[in-house]
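*Asks:* My file is target.txt. It has compact mmCIF, C-alpha atoms:
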# COMPACT_ATOMS: atom_id res chain seq x y z
CA MET A 1 172.76 219.17 -105.34
CA THR A 2 173.38 216.24 -107.69
CA SER A 3 173.27 212.64 -106.56
CA GLU A 4 177.06 212.49 -106.93
CA ASP A 5 177.44 215.42 -104.54
CA GLU A 6 175.06 213.76 -102.12
CA PHE A 7 177.10 210.53 -102.25
CA LEU A 8 180.33 212.43 -101.68
CA SER A 9 178.95 214.42 -98.78
CA SER A 10 177.58 211.28 -97.14
CA SER A 11 180.75 209.20 -97.59
CA ILE A 12 183.20 211.82 -96.36
CA PRO A 13 183.39 211.78 -92.56
CA GLN A 14 181.98 214.91 -91.00
CA LEU A 15 184.74 216.87 -89.31
CA PRO A 16 183.94 219.38 -86.61
CA ILE A 17 183.81 222.98 -87.79
CA VAL A 18 186.80 224.55 -86.09
CA GLU A 19 187.72 228.17 -86.00
CA ASN A 20 191.39 228.56 -86.91
CA SER A 21 192.39 230.45 -83.79
CA LYS A 22 194.09 229.55 -80.53
CA GLU A 23 190.78 229.51 -78.61
CA GLY A 24 188.89 227.76 -81.41
CA LEU A 25 191.41 224.89 -81.55
CA ALA A 26 191.53 224.61 -77.77
CA SER A 27 187.76 224.37 -77.61
CA ALA A 28 187.71 221.68 -80.34
CA LEU A 29 190.44 219.72 -78.53
CA HIS A 30 188.46 219.97 -75.30
CA SER A 31 185.42 218.56 -77.07
CA LYS A 32 187.47 215.70 -78.59
CA GLY A 33 188.98 214.94 -75.18
CA ARG A 34 185.50 214.74 -73.68
CA ASP A 35 184.46 212.23 -76.37
CA TYR A 36 187.61 210.26 -75.66
CA ILE A 37 186.83 210.09 -71.91
CA ASN A 38 183.22 209.06 -72.63
CA HIS A 39 184.54 206.26 -74.84
CA PHE A 40 186.53 204.78 -71.94
CA SER A 41 183.66 205.37 -69.56
CA LYS A 42 181.38 203.32 -71.84
CA ILE A 43 183.91 200.47 -72.01
CA LYS A 44 184.11 200.46 -68.20
CA LEU A 45 180.33 200.33 -67.95
CA ARG A 46 180.26 197.37 -70.32
CA TYR A 47 182.63 195.45 -68.04
CA LYS A 48 180.35 196.21 -65.10
CA LYS A 49 177.35 194.88 -67.06
CA LEU A 50 179.33 191.73 -67.92
CA THR A 51 179.99 191.25 -64.20
CA ILE A 52 176.25 191.21 -63.57
CA THR A 53 175.88 188.55 -66.31
CA TRP A 54 178.50 186.51 -64.44
CA VAL A 55 176.63 186.90 -61.15
CA THR A 56 173.37 185.76 -62.80
CA ALA A 57 175.05 182.74 -64.41
CA ILE A 58 176.71 181.72 -61.15
CA SER A 59 173.47 182.12 -59.18
CA ILE A 60 171.70 179.83 -61.68
CA ALA A 61 174.56 177.30 -61.53
CA LEU A 62 174.48 177.24 -57.71
CA ALA A 63 170.68 176.97 -57.63
CA TYR A 64 170.82 174.08 -60.11
CA THR A 65 173.48 172.29 -58.08
CA MET A 66 171.41 172.74 -54.93
CA SER A 67 168.12 171.59 -56.43
CA SER A 68 169.22 168.53 -58.44
CA GLU A 69 169.34 165.38 -56.35
CA GLU A 70 170.46 162.94 -59.01
CA HIS A 71 173.01 163.49 -61.68
CA SER A 72 174.97 161.38 -64.07
CA VAL A 73 178.27 161.56 -62.24
CA HIS A 74 178.73 160.69 -58.62
CA VAL A 75 180.65 163.72 -57.49
CA ASN A 76 180.42 165.18 -54.01
CA LYS A 77 178.23 168.27 -54.35
CA LEU A 78 180.22 170.20 -51.78
CA TYR A 79 183.22 170.08 -54.10
CA LEU A 80 181.08 171.23 -57.01
CA ILE A 81 179.71 174.21 -55.06
CA SER A 82 183.16 175.34 -53.93
CA LEU A 83 184.53 174.84 -57.46
CA ILE A 84 181.76 176.96 -59.05
CA THR A 85 182.22 179.71 -56.43
CA ALA A 86 186.02 179.76 -56.76
CA LEU A 87 185.97 179.91 -60.57
CA ALA A 88 183.34 182.68 -60.51
CA LEU A 89 185.47 184.71 -58.11
CA ILE A 90 188.53 184.34 -60.35
CA GLY A 91 186.43 185.45 -63.36
CA ILE A 92 185.15 188.56 -61.59
CA LYS A 93 188.65 189.38 -60.41
CA LEU A 94 189.78 189.38 -64.05
CA LEU A 95 187.02 191.84 -65.05
CA TRP A 96 187.89 194.01 -62.03
CA TYR A 97 191.54 194.00 -63.13
CA LEU A 98 190.71 195.09 -66.70
CA ASP A 99 188.31 197.81 -65.59
CA VAL A 100 190.42 199.34 -62.81
CA ASN A 101 193.96 198.65 -63.92
CA VAL A 102 193.67 199.17 -67.66
CA TYR A 103 190.73 201.40 -68.60
CA HIS A 104 190.44 203.53 -65.49
CA LYS A 105 194.11 204.46 -65.79
CA GLN A 106 193.67 205.54 -69.40
CA MET A 107 190.57 207.51 -68.46
CA SER A 108 192.28 209.22 -65.55
CA ALA A 109 195.20 210.16 -67.84
CA LEU A 110 192.75 211.86 -70.18
CA PHE A 111 191.06 213.53 -67.22
CA LYS A 112 194.43 214.92 -66.18
CA GLY A 113 195.06 216.07 -69.78
CA LEU A 114 191.75 217.92 -69.90
CA THR A 115 192.40 219.63 -66.58
CA LEU A 116 195.77 220.79 -67.97
CA LEU A 117 194.01 222.12 -71.06
CA GLU A 118 191.46 223.98 -68.91
CA GLU A 119 194.24 225.49 -66.79
CA ARG A 120 195.96 226.63 -69.96
CA TYR A 121 192.85 228.39 -71.27
CA PRO A 122 191.01 229.82 -68.25
CA GLU A 123 188.49 231.61 -70.49
CA MET A 124 187.15 228.22 -71.63
CA ILE A 125 184.42 226.33 -69.74
CA GLN A 126 186.04 224.30 -66.96
CA PRO A 127 183.89 221.25 -66.18
CA TYR A 128 186.83 218.91 -65.52
CA LEU A 129 188.56 221.24 -63.08
CA LYS A 130 185.23 221.55 -61.24
CA MET A 131 184.78 217.77 -61.34
CA ALA A 132 188.30 217.29 -59.95
CA LYS A 133 187.46 219.75 -57.18
CA ALA A 134 184.15 218.04 -56.44
CA LEU A 135 185.35 214.44 -56.60
CA HIS A 136 189.06 214.13 -55.99
CA LYS A 137 190.01 214.66 -52.40
CA LYS A 138 193.16 213.68 -50.58
CA TYR A 139 191.59 210.45 -49.33
CA PHE A 140 189.15 209.80 -52.14
CA ASP A 141 189.31 208.93 -55.80
CA PRO A 142 186.35 207.64 -57.89
CA ILE A 143 188.41 204.49 -58.54
CA LEU A 144 187.46 203.53 -55.00
CA ILE A 145 183.81 203.17 -56.06
CA ASP A 146 184.82 200.85 -58.91
CA SER A 147 186.78 198.70 -56.50
CA LEU A 148 183.85 198.69 -54.06
CA TYR A 149 181.50 197.56 -56.86
CA TYR A 150 183.59 194.53 -57.78
CA GLY A 151 184.63 193.84 -54.18
CA VAL A 152 181.05 193.80 -52.88
CA ILE A 153 179.92 191.54 -55.75
CA SER A 154 182.81 189.13 -55.07
CA ILE A 155 182.02 189.03 -51.34
CA PHE A 156 178.33 188.47 -52.20
CA ILE A 157 179.24 185.46 -54.40
CA ALA A 158 181.57 184.04 -51.74
CA LEU A 159 178.80 184.36 -49.12
CA MET A 160 176.31 182.78 -51.54
CA GLY A 161 178.71 179.84 -51.94
CA THR A 162 179.09 179.53 -48.15
CA VAL A 163 175.30 179.48 -47.64
CA ALA A 164 174.93 176.90 -50.44
CA LEU A 165 177.57 174.73 -48.74
CA TYR A 166 175.84 175.07 -45.35
CA LEU A 167 172.49 174.03 -46.85
CA LYS A 168 174.07 171.01 -48.53
CA PHE A 169 175.93 169.65 -45.50
CA ARG A 170 174.68 166.11 -44.75
CA ALA A 171 175.60 163.67 -42.04
CA HIS A 172 177.09 161.23 -44.57
CA HIS A 173 179.60 163.78 -45.88
CA PRO A 174 183.10 163.00 -44.66
CA LEU A 175 184.60 165.71 -42.45
CA SER A 176 187.56 166.11 -44.84
CA SER A 177 185.30 167.07 -47.77
CA ILE A 178 183.41 169.58 -45.59
CA LEU A 179 186.63 171.20 -44.40
CA LEU A 180 188.24 171.23 -47.84
CA SER A 181 185.25 172.79 -49.64
CA LEU A 182 184.73 175.34 -46.86
CA SER A 183 188.40 176.29 -46.73
CA ILE A 184 188.47 176.95 -50.50
CA ILE A 185 185.64 179.48 -50.19
CA MET A 186 187.06 180.98 -46.99
CA PHE A 187 190.42 181.47 -48.70
CA PHE A 188 188.75 183.51 -51.45
CA LEU A 189 186.55 185.39 -48.98
CA ILE A 190 189.55 186.51 -46.91
CA PHE A 191 191.43 187.37 -50.12
CA GLU A 192 188.49 189.55 -51.29
CA PHE A 193 188.39 191.42 -47.97
CA LEU A 194 192.14 192.04 -48.14
CA THR A 195 191.95 193.26 -51.76
CA LEU A 196 189.08 195.57 -50.91
CA GLY A 197 190.98 196.93 -47.91
CA TYR A 198 194.02 197.54 -50.09
CA ALA A 199 191.87 199.32 -52.71
CA ILE A 200 190.38 201.58 -50.00
CA HIS A 201 193.87 202.27 -48.68
CA LEU A 202 195.06 203.26 -52.17
CA GLY A 203 191.87 205.22 -52.86
CA GLY A 204 193.24 208.71 -52.29
CA SER A 205 196.66 208.39 -53.84
CA ARG A 206 195.97 207.57 -57.48
CA PHE A 207 194.95 210.88 -59.00
CA ASP A 208 197.95 212.65 -57.55
CA ARG A 209 200.38 210.23 -59.15
CA GLU A 210 203.53 212.08 -60.03
CA VAL A 211 203.53 213.29 -63.62
CA PRO A 212 206.84 214.03 -65.42
CA SER A 213 207.69 217.72 -65.15
CA GLU A 214 207.67 218.31 -68.93
CA ILE A 215 204.03 217.19 -69.01
CA GLN A 216 203.05 218.73 -65.67
CA ASN A 217 204.38 222.10 -66.85
CA TRP A 218 202.79 221.80 -70.27
CA PRO A 219 200.56 224.83 -69.93
CA LYS A 220 202.97 226.89 -67.80
CA ASN A 221 206.58 226.56 -68.90
CA LYS A 222 206.25 228.40 -72.18
CA ASP A 223 203.73 229.89 -74.46
CA THR A 224 202.89 226.92 -76.65
CA SER A 225 200.20 228.67 -78.59
CA LYS A 226 200.60 229.00 -82.31
CA MET B 1 202.07 222.41 -91.13
CA ASP B 2 198.77 224.19 -90.82
CA ASP B 3 197.30 223.86 -87.32
CA LEU B 4 193.88 222.90 -88.62
CA LEU B 5 195.44 220.09 -90.63
CA VAL B 6 197.34 218.88 -87.55
CA PHE B 7 194.11 218.99 -85.53
CA ASP B 8 192.33 216.97 -88.22
CA GLU B 9 195.08 214.33 -88.26
CA TYR B 10 195.08 214.18 -84.46
CA CYS B 11 191.30 213.60 -84.44
CA GLN B 12 191.65 210.83 -87.02
CA LEU B 13 194.30 209.08 -84.93
CA ILE B 14 192.10 209.30 -81.83
CA ASP B 15 189.22 207.80 -83.85
CA GLY B 16 191.56 204.98 -84.92
CA ILE B 17 192.60 204.27 -81.32
CA GLN B 18 188.95 204.26 -80.20
CA TYR B 19 188.02 201.88 -83.04
CA PHE B 20 190.71 199.34 -82.09
CA HIS B 21 189.79 199.68 -78.41
CA ASP B 22 186.21 198.76 -79.33
CA GLU B 23 187.33 195.77 -81.36
CA GLN B 24 189.58 194.55 -78.55
CA THR B 25 186.75 194.94 -76.03
CA GLU B 26 184.47 192.88 -78.32
CA LEU B 27 187.07 190.12 -78.48
CA ARG B 28 187.33 190.05 -74.70
CA PHE B 29 183.55 189.88 -74.37
CA LEU B 30 183.55 187.01 -76.83
CA THR B 31 186.14 185.25 -74.67
CA SER B 32 183.94 185.73 -71.61
CA LYS B 33 180.96 184.31 -73.53
CA ILE B 34 183.03 181.28 -74.59
CA LEU B 35 183.92 180.76 -70.92
CA LEU B 36 180.29 180.94 -69.76
CA GLY B 37 179.23 178.71 -72.69
CA THR B 38 181.81 176.11 -71.65
CA PHE B 39 180.44 176.21 -68.10
CA THR B 40 176.93 175.59 -69.46
CA ILE B 41 178.00 172.61 -71.60
CA VAL B 42 180.09 171.06 -68.83
CA GLY B 43 177.24 171.67 -66.34
CA ALA B 44 174.77 169.99 -68.69
CA ILE B 45 177.09 166.98 -69.01
CA PHE B 46 177.51 166.82 -65.23
CA PHE B 47 173.85 167.04 -64.33
CA THR B 48 171.94 165.33 -67.13
CA GLN B 49 171.69 161.69 -67.96
CA ILE B 50 172.86 162.22 -71.55
CA GLN B 51 175.19 159.43 -72.61
CA VAL B 52 177.33 160.39 -75.57
CA ALA B 53 178.56 157.33 -77.46
CA HIS B 54 180.57 154.91 -75.32
CA VAL B 55 182.78 157.56 -73.82
CA GLN B 56 182.41 158.51 -70.18
CA ASN B 57 180.67 161.85 -69.67
CA LEU B 58 183.44 163.18 -67.47
CA ILE B 59 186.03 162.62 -70.18
CA ILE B 60 183.90 164.70 -72.56
CA ALA B 61 183.57 167.33 -69.79
CA ALA B 62 187.38 167.40 -69.60
CA VAL B 63 187.87 167.68 -73.38
CA ILE B 64 185.43 170.58 -73.95
CA PRO B 65 187.44 173.13 -71.86
CA ILE B 66 190.55 172.14 -73.81
CA LEU B 67 188.77 172.94 -77.09
CA SER B 68 187.69 176.27 -75.57
CA ILE B 69 191.32 176.98 -74.65
CA GLY B 70 192.15 176.59 -78.35
CA VAL B 71 189.48 179.10 -79.38
CA ILE B 72 190.50 181.56 -76.65
CA THR B 73 194.13 181.29 -77.81
CA VAL B 74 193.03 182.43 -81.28
CA ASN B 75 191.18 185.34 -79.66
CA LEU B 76 194.27 186.19 -77.61
CA ALA B 77 196.40 186.30 -80.75
CA GLN B 78 193.87 188.48 -82.55
CA ASP B 79 193.52 190.86 -79.63
CA LEU B 80 197.05 191.19 -78.27
CA ILE B 81 199.15 190.48 -81.34
CA VAL B 82 197.11 191.95 -84.21
CA LYS B 83 194.73 194.60 -82.82
CA GLU B 84 197.08 195.78 -80.09
CA ARG B 85 199.81 196.51 -82.66
CA LEU B 86 197.36 198.32 -84.92
CA ARG B 87 196.26 200.43 -81.94
CA LEU B 88 199.87 201.10 -80.97
CA ALA B 89 200.62 202.21 -84.55
CA CYS B 90 197.95 204.93 -84.19
CA LEU B 91 199.17 205.76 -80.68
CA SER B 92 202.74 206.13 -81.91
CA GLU B 93 201.65 208.63 -84.57
CA ALA B 94 199.54 210.55 -82.05
CA LEU B 95 202.55 210.74 -79.71
CA LYS B 96 204.71 212.00 -82.57
CA LEU B 97 202.16 214.73 -83.32
CA GLU B 98 202.00 215.72 -79.65
CA LYS B 99 205.78 216.02 -79.46
CA LYS B 100 206.02 217.99 -82.70
CA ASN B 101 203.14 220.34 -81.95
CA GLU B 102 203.38 221.44 -78.35
CA TRP B 103 200.01 223.18 -78.42
CA LEU B 104 198.32 219.75 -78.53
CA PRO B 105 197.34 218.55 -75.03
CA PRO B 106 199.56 215.65 -73.84
CA PHE B 107 196.68 213.09 -73.73
CA HIS B 108 198.69 210.14 -75.01
CA ARG B 109 201.90 210.99 -73.21
CA LEU B 110 199.91 211.00 -69.98
CA MET B 111 198.22 207.73 -70.96
CA ILE B 112 201.56 206.00 -71.40
CA HIS B 113 202.81 207.42 -68.14
CA HIS B 114 199.69 206.37 -66.21
CA GLN B 115 199.69 202.83 -67.62
CA SER B 116 202.81 201.67 -65.92
CA LYS B 117 205.72 203.05 -63.97
CA LYS B 118 208.02 200.98 -66.15
CA TYR B 119 206.30 202.17 -69.33
CA HIS B 120 205.41 198.63 -70.39
CA GLY B 121 201.99 199.61 -71.68
CA SER B 122 198.71 197.80 -71.16
CA GLY B 123 199.37 194.73 -73.38
CA HIS B 124 200.69 192.56 -70.57
CA LYS B 125 197.87 193.60 -68.26
CA LYS B 126 195.35 192.54 -70.89
CA LEU B 127 197.26 189.28 -71.25
CA ALA B 128 196.55 188.59 -67.55
CA TYR B 129 192.83 188.50 -68.41
CA TYR B 130 193.33 185.78 -71.04
CA LEU B 131 195.70 183.83 -68.81
CA GLY B 132 193.06 183.94 -66.06
CA CYS B 133 190.48 182.51 -68.47
CA ILE B 134 192.91 179.74 -69.50
CA LEU B 135 193.54 178.99 -65.81
CA ILE B 136 189.77 178.69 -65.12
CA LEU B 137 189.29 176.30 -68.05
CA SER B 138 192.34 174.26 -67.06
CA ILE B 139 191.02 173.87 -63.50
CA LEU B 140 187.62 172.82 -64.89
CA SER B 141 189.19 170.25 -67.21
CA ALA B 142 191.56 168.90 -64.54
CA VAL B 143 188.75 168.52 -61.98
CA ALA B 144 186.50 166.74 -64.51
CA LEU B 145 189.32 164.35 -65.39
CA ALA B 146 190.22 163.78 -61.73
CA PHE B 147 186.63 162.71 -60.97
CA THR B 148 186.68 160.08 -63.73
CA PRO B 149 186.51 156.57 -62.22
CA ILE B 150 189.51 155.49 -64.35
CA PHE B 151 191.73 157.63 -62.14
CA SER B 152 190.76 156.35 -58.73
CA ASN B 153 194.01 156.42 -56.76
CA TRP B 154 195.66 159.56 -55.37
CA ILE B 155 198.84 159.18 -57.43
CA SER B 156 197.01 159.36 -60.75
CA ILE B 157 194.90 162.32 -59.54
CA ALA B 158 198.04 164.13 -58.38
CA SER B 159 199.72 163.45 -61.72
CA ILE B 160 196.69 164.93 -63.56
CA PHE B 161 196.93 168.17 -61.56
CA LEU B 162 200.71 168.24 -61.98
CA SER B 163 200.50 167.87 -65.77
CA TYR B 164 197.85 170.64 -65.96
CA THR B 165 200.06 172.89 -63.81
CA ILE B 166 202.99 172.29 -66.16
CA PHE B 167 200.73 173.03 -69.14
CA VAL B 168 199.57 176.35 -67.61
CA ILE B 169 203.15 177.38 -66.75
CA PHE B 170 204.31 176.65 -70.31
CA TYR B 171 201.33 178.54 -71.70
CA ILE B 172 202.15 181.58 -69.56
CA ILE B 173 205.82 181.53 -70.64
CA ILE B 174 204.99 181.21 -74.35
CA ALA B 175 202.24 183.87 -74.19
CA HIS B 176 204.62 186.31 -72.47
CA LYS B 177 207.17 185.71 -75.22
CA LEU B 178 204.65 186.17 -78.03
CA VAL B 179 202.93 189.26 -76.66
CA ARG B 180 205.57 191.94 -76.83
CA LYS B 181 205.74 194.87 -74.44
CA GLY B 182 203.97 197.98 -75.68
CA HIS B 183 207.06 200.06 -74.93
CA ASP B 184 209.21 197.87 -77.23
CA ILE B 185 206.70 198.09 -80.07
CA LEU B 186 206.45 201.88 -79.71
CA LYS B 187 210.24 202.15 -79.70
CA GLU B 188 210.50 200.00 -82.81
CA LEU B 189 207.87 202.11 -84.59
CA ASP B 190 209.70 205.29 -83.58
CA ASP B 191 213.02 204.00 -84.88
CA GLU B 192 211.51 203.34 -88.29
Spit out the file's structure as structure tokens when you get a sec.
*Replies:*
Amino acid sequence: MTSEDEFLSSSIPQLPIVENSKEGLASALHSKGRDYINHFSKIKLRYKKLTITWVTAISIALAYTMSSEEHSVHVNKLYLISLITALALIGIKLLWYLDVNVYHKQMSALFKGLTLLEERYPEMIQPYLKMAKALHKKYFDPILIDSLYYGVISIFIALMGTVALYLKFRAHHPLSSILLSLSIIMFFLIFEFLTLGYAIHLGGSRFDREVPSEIQNWPKNKDTSK
Amino acid sequence: MDDLLVFDEYCQLIDGIQYFHDEQTELRFLTSKILLGTFTIVGAIFFTQIQVAHVQNLIIAAVIPILSIGVITVNLAQDLIVKERLRLACLSEALKLEKKNEWLPPFHRLMIHHQSKKYHGSGHKKLAYYLGCILILSILSAVALAFTPIFSNWISIASIFLSYTIFVIFYIIIAHKLVRKGHDILKELDDE
């Protein structure tokens, strides 16, 4: 092999070797679909890792606010604690939204597509139909675990903020500032509990979302093989 | 067209979609880092005795989030105006292939269906993330400005929060106008 051949073979993207038959193409499409799902799964995991970075940053910020006695600006520390907690909770809610409402939906669409492909070719290996059988029940969808992850972290941060506020209460603090800072955190805490409850309530109904009949009947309505 | 050729084109389009997804995710991570970085700088200004020039520290703490809003706006434009359209261009072609060749599994048709009941696509959902970041920075800036001794009476503090609220509302309206619905872009690409 000449160096030119080597360059050409290295620069041309390697395509999967596919047998030009109905089963061969189906198997290759199944493999591509699996890669596609893994791609979304990795993106979702990255958002979860970013959430942990947020938790670490907020813990440090709260610890710093608690420990420092003097600072350059004379701001009531109770307000600062409730502000940090509230902004952190909004930030985590945004990551939750992206993970569950954008990427999980795309992943579950692919999951549905792969189960349709497996139903169409029963002779092929059927990991996704088995996964659907093992995981998706009438009252359970894996999306519930995602919601629990973000919900529990949000509640943890809200509780951390409440404890920080409690430890910082001093006799000289006016009652209005105590009530205001506490009510901000309590508002978010109640909101988190409600969101989590709603996510649990929705938990079982997402996978069975109605699919248009032309897609639902893709493997059944006619012989679509070549 | 030969089925193997169709399969090859389909795989290339999926690779394209994945590539733009990765780029968009990177941009969103960058936005999150900018947000955390702004927190760090504002925190440092709040808690240290650093005196920058003759300007009050809290005014600097109010200006920094505004600068971050500018940078995040550039990220928003790159993500939801440039990359999103590039991704949708690949998606549109993949959809066309799926419709033409019925033996291809309906991955992308299902994706569009699952995204939204109204078929608006994910662009506006991703916009909510950026708008949330802008809201956080606006709150940070408004609070820093409200604590400045120059604004000591309630009327001036209320007017600060009111002007920031108006700014955020205008930002949301303009962003919604600039970021077009995925369904409209797909329709436009189909028409061509």
*Asks:* Env of His124 in chain B: 7 Å cut, atoms = all atoms listed in the file, seq-sep filter 3 positions within chain, self excluded. Answer as a PyMOL selection string.
*Replies:* chain B and resi 127-128+181
*Asks:* Using all atoms listed in the file, which of A:Leu80, A:Met124, A:Ala171, A:Leu159 sits nearest chain B?
*Replies:* A:Leu80
*Asks:* Would you compute the box with edges along x, y and z of the file around range 130-144 of chain B, including every atom the file lists for it and 8 Å extra on each side, and give its centre and edge lengths in Å to one decimal, as AutoDock Vina command-line options?
*Replies:*
--center_x 191.1 --center_y 176.3 --center_z -66.5 --size_x 25.2 --size_y 35.0 --size_z 25.1
*Asks:* Extract, using all atoms listed in the file, all DNA, RNA and protein residues at most 8 Å from range 65-76 of chain B, discarding same-chain residues fewer than 6 positions from it, and format them as a ChimeraX atom specification.
*Replies:* /B:27-28,31,34-35,38,127,130,134,137-138,140-141
*Asks:* Which residues of chain B sit at most 6 Å from chain A, using all atoms listed in the file? Give each one's shortest atom pair and distance in Å (one decimal place), in chain and ascending residue order, as JSON lines.
*Replies:*
{"residue": "B:Phe47", "atom": "CA", "partner": "A:His71", "partner_atom": "CA", "distance": 4.5}
{"residue": "B:Thr48", "atom": "CA", "partner": "A:Ser72", "partner_atom": "CA", "distance": 5.8}
{"residue": "B:Gln49", "atom": "CA", "partner": "A:Ser72", "partner_atom": "CA", "distance": 5.1}
{"residue": "B:Glu102", "atom": "CA", "partner": "A:Thr224", "partner_atom": "CA", "distance": 5.8}
{"residue": "B:Trp103", "atom": "CA", "partner": "A:Thr224", "partner_atom": "CA", "distance": 5.0}
{"residue": "B:Phe107", "atom": "CA", "partner": "A:Gly113", "partner_atom": "CA", "distance": 5.2}
{"residue": "B:Leu110", "atom": "CA", "partner": "A:Ala109", "partner_atom": "CA", "distance": 5.2}
{"residue": "B:Met111", "atom": "CA", "partner": "A:Ala109", "partner_atom": "CA", "distance": 5.0}
{"residue": "B:His114", "atom": "CA", "partner": "A:Lys105", "partner_atom": "CA", "distance": 5.9}
{"residue": "B:Tyr129", "atom": "CA", "partner": "A:Leu94", "partner_atom": "CA", "distance": 5.4}
*Asks:* For a test of reading the model, state the distance in Å between CA of Ile157 in chain A and CA of Leu145 in chain B, rounded to one decimal.
*Replies:*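 Rounded to one decimal, the two atoms are 25.8 Å apart.
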*Asks:* Separation of CA of Ile172 in chain B and CA of Leu131 in chain B, in Å?
*Replies:*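 Taking CA of Ile172 in chain B as the start and CA of Leu131 in chain B as the end point, the length is 6.9 Å.
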*Asks:* Got a sec: who's within 10 Å of range 139-156 of chain A, counting all atoms listed in the file, leaving out chain neighbours fewer than 2 positions off, as a PyMOL selection string?
*Replies:* chain A and resi 44+48+51-52+55+85+88-93+95-97+99-101+104-105+108+132+135-137+158-162+188-208
